[in-house]
Amino acid sequence: MGLSTSKVLRQLRALQKRRQAVLRRLLGTQELAVGTVSWVDRKCGRPGCHCAQGPGHRQMHFLFADAQARRRCKLVRKADEPRLLQAGQRYRAFRADLRELAAIHKREHVLLMALRRARGLRYE
């Protein structure tokens with residue numbers, strides 16, 4: 001990486017600002033629906049219903065992984081749907097911020113190694 005020390009330092013400062021912004025978002029106190037909130041079609045079980053021969057009725061489910069990493073499915077009450085949908089969106093944003101934080105860390109490491117090479121004493 002043929003960057004000058006001043007360019008490396010400038011890029012590191014910019015990454016530090018991005019890191020601070022990402023951390024502010026990650027440290028928010030809003031609740032997260034850890035897992036996936038999605039629509040699922042199910043058959044209601046009534047023999048005369050249209051869903052007996054076709055696809056089921058649309059129902060909202062809250063899906064998550066438990067401690068043993070087995071997939072679990074919980075039905076969400078109608079009253080809780082908006083809250084869980086928003087919490088699910090916040091969880092997706094949280095995961096995206098974690099990925100961005102990892103990318104920032106990786107880039108910072110590359111720049112710091114370049115800084116080490118640029119500042120390293122070349123004793124002969």
# chains A, B, ... in the order shown; residues from 1 in each chain; ligands from 1
call {"tool": "residues_around", "arguments": {"residues": "A:Val76", "least_positions_apart": "6", "cutoff": "12 Å", "atoms": "only C-alpha atoms", "output": "PyMOL selection string"}}
result
chain A and resi 33+36-40+59-63+82-85
call {"tool": "write_last_selection", "arguments": {"atoms": "C-alpha atoms", "output": "mmCIF file, in the first residue's frame"}}
result
data_model
loop_
_atom_site.group_PDB
_atom_site.id
_atom_site.type_symbol
_atom_site.label_atom_id
_atom_site.label_comp_id
_atom_site.auth_asym_id
_atom_site.auth_seq_id
_atom_site.Cartn_x
_atom_site.Cartn_y
_atom_site.Cartn_z
ATOM 1 C CA ALA A 33 -36.885 -8.987 17.622
ATOM 2 C CA THR A 36 -37.228 -13.240 11.694
ATOM 3 C CA VAL A 37 -40.730 -11.811 11.715
ATOM 4 C CA SER A 38 -42.557 -13.067 8.646
ATOM 5 C CA TRP A 39 -45.884 -14.124 7.164
ATOM 6 C CA VAL A 40 -46.672 -17.834 7.086
ATOM 7 C CA GLN A 59 -50.846 -15.610 9.700
ATOM 8 C CA MET A 60 -47.995 -13.667 11.278
ATOM 9 C CA HIS A 61 -45.284 -15.642 13.073
ATOM 10 C CA PHE A 62 -42.273 -14.642 15.109
ATOM 11 C CA LEU A 63 -39.442 -17.030 14.308
ATOM 12 C CA PRO A 82 -46.711 -3.596 14.576
ATOM 13 C CA ARG A 83 -44.339 -3.686 17.546
ATOM 14 C CA LEU A 84 -42.680 -6.907 16.384
ATOM 15 C CA LEU A 85 -42.440 -5.790 12.763
#
call {"tool": "select_by_dssp", "arguments": {"residues": "stretch 52-104 of chain A", "states": "alpha helix (DSSP H)", "output": "PyMOL selection string"}}
result
chain A and resi 81-104
call {"tool": "closest_atom_pairs", "arguments": {"of": "stretch 90-116 of chain A", "to": "stretch 19-27 of chain A", "cutoff": "10 Å", "atoms": "only C-alpha atoms", "output": "Markdown table"}}
result
| residue | atom | partner | partner_atom | distance |
| --- | --- | --- | --- | --- |
| A:Arg90 | CA | A:Leu26 | CA | 9.9 |
| A:Tyr91 | CA | A:Leu26 | CA | 10.0 |
| A:Ala93 | CA | A:Leu26 | CA | 9.0 |
| A:Phe94 | CA | A:Leu26 | CA | 6.2 |
| A:Arg95 | CA | A:Leu26 | CA | 9.1 |
| A:Ala96 | CA | A:Val22 | CA | 9.8 |
| A:Asp97 | CA | A:Val22 | CA | 6.1 |
| A:Leu98 | CA | A:Leu26 | CA | 7.8 |
| A:Glu100 | CA | A:Val22 | CA | 7.7 |
| A:Leu101 | CA | A:Arg19 | CA | 6.5 |
| A:Ala102 | CA | A:Arg19 | CA | 9.7 |
| A:Ala103 | CA | A:Arg19 | CA | 10.0 |
| A:Ile104 | CA | A:Arg19 | CA | 6.9 |
| A:His105 | CA | A:Arg19 | CA | 8.5 |
call {"tool": "write_last_selection", "arguments": {"atoms": "all heavy atoms", "output": "short mmCIF file (atom, residue, chain, number, x, y, z; two decimals), in the first residue's frame"}}
result
data_model
loop_
_atom_site.label_atom_id
_atom_site.label_comp_id
_atom_site.auth_asym_id
_atom_site.auth_seq_id
_atom_site.Cartn_x
_atom_site.Cartn_y
_atom_site.Cartn_z
N ARG A 90 -35.55 -3.20 13.16
CA ARG A 90 -34.41 -2.71 13.94
C ARG A 90 -33.34 -3.80 14.08
O ARG A 90 -32.15 -3.50 14.06
CB ARG A 90 -34.86 -2.23 15.31
CG ARG A 90 -35.57 -0.89 15.28
CD ARG A 90 -35.77 -0.31 16.65
NE ARG A 90 -36.64 -1.12 17.48
CZ ARG A 90 -37.95 -0.97 17.58
NH1 ARG A 90 -38.56 -0.04 16.87
NH2 ARG A 90 -38.66 -1.75 18.37
N TYR A 91 -33.75 -5.06 14.21
CA TYR A 91 -32.78 -6.16 14.32
C TYR A 91 -32.00 -6.32 13.02
O TYR A 91 -30.78 -6.53 13.04
CB TYR A 91 -33.49 -7.46 14.69
CG TYR A 91 -32.55 -8.63 14.83
CD1 TYR A 91 -31.54 -8.62 15.78
CD2 TYR A 91 -32.65 -9.74 14.00
CE1 TYR A 91 -30.66 -9.70 15.91
CE2 TYR A 91 -31.79 -10.81 14.13
CZ TYR A 91 -30.80 -10.78 15.08
OH TYR A 91 -29.93 -11.83 15.21
N ALA A 93 -31.36 -3.92 10.90
CA ALA A 93 -30.44 -2.78 10.88
C ALA A 93 -29.27 -3.01 11.84
O ALA A 93 -28.11 -2.67 11.53
CB ALA A 93 -31.18 -1.50 11.25
N PHE A 94 -29.55 -3.60 13.01
CA PHE A 94 -28.52 -3.92 13.99
C PHE A 94 -27.48 -4.87 13.39
O PHE A 94 -26.28 -4.66 13.52
CB PHE A 94 -29.19 -4.55 15.22
CG PHE A 94 -28.27 -4.81 16.37
CD1 PHE A 94 -28.00 -3.82 17.30
CD2 PHE A 94 -27.68 -6.06 16.54
CE1 PHE A 94 -27.16 -4.06 18.39
CE2 PHE A 94 -26.84 -6.31 17.61
CZ PHE A 94 -26.58 -5.30 18.54
N ARG A 95 -27.96 -5.91 12.70
CA ARG A 95 -27.04 -6.87 12.08
C ARG A 95 -26.23 -6.20 10.98
O ARG A 95 -25.03 -6.49 10.82
CB ARG A 95 -27.82 -8.06 11.54
CG ARG A 95 -28.35 -8.93 12.66
CD ARG A 95 -29.09 -10.13 12.18
NE ARG A 95 -28.28 -10.88 11.25
CZ ARG A 95 -28.75 -11.79 10.41
NH1 ARG A 95 -30.03 -12.07 10.41
NH2 ARG A 95 -27.97 -12.44 9.60
N ALA A 96 -26.85 -5.30 10.20
CA ALA A 96 -26.11 -4.59 9.16
C ALA A 96 -25.03 -3.70 9.79
O ALA A 96 -23.91 -3.61 9.26
CB ALA A 96 -27.07 -3.75 8.31
N ASP A 97 -25.36 -3.07 10.91
CA ASP A 97 -24.37 -2.24 11.61
C ASP A 97 -23.21 -3.09 12.14
O ASP A 97 -22.06 -2.66 12.11
CB ASP A 97 -25.02 -1.46 12.76
CG ASP A 97 -25.84 -0.28 12.27
OD1 ASP A 97 -25.63 0.17 11.12
OD2 ASP A 97 -26.70 0.19 13.03
N LEU A 98 -23.50 -4.29 12.62
CA LEU A 98 -22.43 -5.18 13.06
C LEU A 98 -21.50 -5.55 11.91
O LEU A 98 -20.28 -5.59 12.08
CB LEU A 98 -23.02 -6.45 13.68
CG LEU A 98 -23.62 -6.33 15.07
CD1 LEU A 98 -24.22 -7.67 15.50
CD2 LEU A 98 -22.59 -5.86 16.08
N GLU A 100 -21.01 -3.71 9.24
CA GLU A 100 -20.26 -2.50 8.90
C GLU A 100 -19.12 -2.29 9.90
O GLU A 100 -18.01 -1.91 9.53
CB GLU A 100 -21.17 -1.28 8.88
CG GLU A 100 -20.45 -0.02 8.46
CD GLU A 100 -21.34 1.20 8.35
OE1 GLU A 100 -22.56 1.07 8.53
OE2 GLU A 100 -20.78 2.28 8.09
N LEU A 101 -19.39 -2.55 11.18
CA LEU A 101 -18.36 -2.41 12.20
C LEU A 101 -17.19 -3.37 11.93
O LEU A 101 -16.03 -2.99 12.06
CB LEU A 101 -18.96 -2.67 13.58
CG LEU A 101 -18.14 -2.27 14.79
CD1 LEU A 101 -17.89 -0.77 14.79
CD2 LEU A 101 -18.87 -2.68 16.05
N ALA A 102 -17.50 -4.58 11.52
CA ALA A 102 -16.45 -5.55 11.19
C ALA A 102 -15.64 -5.07 9.98
O ALA A 102 -14.41 -5.22 9.95
CB ALA A 102 -17.06 -6.92 10.92
N ALA A 103 -16.32 -4.50 8.98
CA ALA A 103 -15.62 -4.00 7.79
C ALA A 103 -14.72 -2.81 8.15
O ALA A 103 -13.59 -2.70 7.64
CB ALA A 103 -16.63 -3.59 6.72
N ILE A 104 -15.20 -1.95 9.03
CA ILE A 104 -14.39 -0.82 9.49
C ILE A 104 -13.15 -1.33 10.21
O ILE A 104 -12.03 -0.86 9.99
CB ILE A 104 -15.22 0.11 10.40
CG1 ILE A 104 -16.28 0.85 9.59
CG2 ILE A 104 -14.31 1.10 11.14
CD1 ILE A 104 -17.29 1.60 10.43
N HIS A 105 -13.35 -2.32 11.08
CA HIS A 105 -12.22 -2.89 11.82
C HIS A 105 -11.18 -3.47 10.86
O HIS A 105 -9.97 -3.25 11.03
CB HIS A 105 -12.71 -3.96 12.78
CG HIS A 105 -11.61 -4.66 13.50
ND1 HIS A 105 -10.88 -4.08 14.51
CD2 HIS A 105 -11.09 -5.90 13.33
CE1 HIS A 105 -9.97 -4.92 14.94
NE2 HIS A 105 -10.07 -6.03 14.24
#
call {"tool": "residues_around", "arguments": {"residues": "A:Ser4", "least_positions_apart": "6", "cutoff": "12 Å", "atoms": "only C-alpha atoms", "output": "list in words"}}
result
Arg10, Gln11, Leu111, Ala114, Leu115, Arg116, Arg117, Ala118 and Arg119 of chain A
call {"tool": "atom_distance", "arguments": {"atom1": "atom CA of A:Leu32", "atom2": "atom CA of A:Gln86"}}
result
8.2 Å
call {"tool": "select_by_dssp", "arguments": {"residues": "chain A", "states": "strand (DSSP E or B)", "output": "list of chain:residue names"}}
result
A:Thr36, A:Val37, A:Ser38, A:Trp39, A:Val40, A:Asp41, A:Arg42, A:His57, A:Arg58, A:Gln59, A:Met60, A:His61, A:Phe62, A:Leu63, A:Phe64, A:Ala65, A:Arg71, A:Arg72, A:Cys73, A:Lys74, A:Leu75
call {"tool": "atom_distance", "arguments": {"atom1": "atom CA of A:Arg42", "atom2": "atom CA of A:Pro55"}}
result
7.2 Å
call {"tool": "atom_distance", "arguments": {"atom1": "atom CA of A:Leu15", "atom2": "atom CA of A:Gly28"}}
result
20.3 Å
